[in-house]
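Asks: Let me begin by handing over the structure; questions about it come next.
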Amino acid sequence: MEPSRDPAAPGREAEEAAGVGSEEAAGSGSAEAAAEVSADLDNLLEEAEHERGLLEEAERERDEYLELARRARADFDNYRKRAARDAAEAERRGRSVLAKALLPSLDNLERALNSAEAAAEGLTQGVELVYRELREALARAGVEAYDPAGESFDPAWHEAVTTRAADGAQPGTVVETLAKGYRLDDQVLRAAKVVVGE
């Protein structure tokens, strides 16, 4: 005798078969989705890495340009300072040349004033006026006269023309100034011509 079959059995077997098939289909679908997500993530990571490389390159270029700008600014500041120094030095040299050219005339005027006779008072006043104007013009240019009489002889500032014994003067002391010295700032334009005590 054949075993009795459950009339619902064929339907249950079909459902079970269908359930197994749908689980396999669902498992297969989620693996594909995971593979797609993984591939998308890999693409995003590659793009991010590429973008990071571009950003690093841009930052490197920015740093190079900033360094170039800093150097250019420093070079310009140095150039400006050097140009100002050169202009000041050129002006000082120009004043020095002018002063040196005028000094002999000033000496001659001073000699004329010292040897003028009392009778020629008008001439003396005229020469004195010219002498004073020349001295003032040189003073405005920064040129000053110095008379070292009574000071110790200094070859940087004085030119010894001769020596002589002088009462009460120490040896090596300037006993007489034959021609005043002139200086511009700290530069000697002409050393004072002096007589030094023995």
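We name chains A, B, ... following the order of the structure tokens; residues begin at 1 in each chain, and ligands are numbered from 1 as shown.
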With only C-alpha atoms counted and 8 Å as the cut-off, give the residues of range 11-107 of chain A in contact with range 126-147 of chain A, each with its shortest interatomic distance in Å and the pair that gives it, as a Markdown table.
Replies:
| residue | atom | partner | partner_atom | distance |
| --- | --- | --- | --- | --- |
| A:Arg95 | CA | A:Ala141 | CA | 6.5 |
| A:Ala99 | CA | A:Leu138 | CA | 6.7 |
| A:Leu106 | CA | A:Tyr131 | CA | 6.4 |
Asks: Would you write out, as JSON lines, a table of all residues in range 88-122 of chain A that have an atom no more than 10 Å from an atom of range 168-180 of chain A, listing for each the closest atom pair and the distance in Å to one decimal, considering only C-alpha atoms and ordering rows by chain and rising residue number?
Replies:
{"residue": "A:Leu103", "atom": "CA", "partner": "A:Lys180", "partner_atom": "CA", "distance": 9.8}
{"residue": "A:Asp107", "atom": "CA", "partner": "A:Ala179", "partner_atom": "CA", "distance": 7.5}
{"residue": "A:Glu110", "atom": "CA", "partner": "A:Ala179", "partner_atom": "CA", "distance": 9.8}
Asks: Include C-alpha atoms and write out the residues we just selected as an mmCIF file, in the first residue's frame.
Replies:
data_model
loop_
_atom_site.group_PDB
_atom_site.id
_atom_site.type_symbol
_atom_site.label_atom_id
_atom_site.label_comp_id
_atom_site.auth_asym_id
_atom_site.auth_seq_id
_atom_site.Cartn_x
_atom_site.Cartn_y
_atom_site.Cartn_z
ATOM 1 C CA LEU A 103 89.507 127.091 -0.466
ATOM 2 C CA ASP A 107 92.858 131.844 1.732
ATOM 3 C CA GLU A 110 91.953 136.156 4.247
#
Asks: Using CA of Lys193 in chain A and CA of Gly181 in chain A as the two end points, give the distance in Å to one decimal.
Replies: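 Taking CA of Lys193 in chain A as the start and CA of Gly181 in chain A as the end point, the length is 7.1 Å.
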Asks: Apply DSSP to the structure's backbone, then extract all residues of chain A labelled helix (DSSP H, G or I) and return them as a ChimeraX atom specification.
Replies: /A:9-115,121-140
Asks: From a backbone DSSP assignment, name each residue in chain A labelled strand (DSSP E), as an NGL selection string.
Replies: :A and (143-146 or 158-164 or 174-179 or 181-184 or 187-190 or 192-197)
Asks: CA of Arg183 in chain A to CA of Asn108 in chain A: how many Å, to one decimal?
Replies: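 About the pair CA of Arg183 in chain A and CA of Asn108 in chain A: they are 18.6 Å apart.
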Asks: Identify, on the basis of only C-alpha atoms, every residue whose closest approach to Ala165 in chain A does not exceed 8 Å; exclude the query and any residue fewer than 2 positions from it along the same chain; express the result as a list in words.
Replies: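 Here the answer would be Thr163, Asp167, Ala169, Gly197 and Glu198 of chain A.
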Asks: What is the distance, in Å and to one decimal place, between CA of Arg111 in chain A and CA of Glu151 in chain A?
Replies: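 CA of Glu151 in chain A lies 23.1 Å from CA of Arg111 in chain A.
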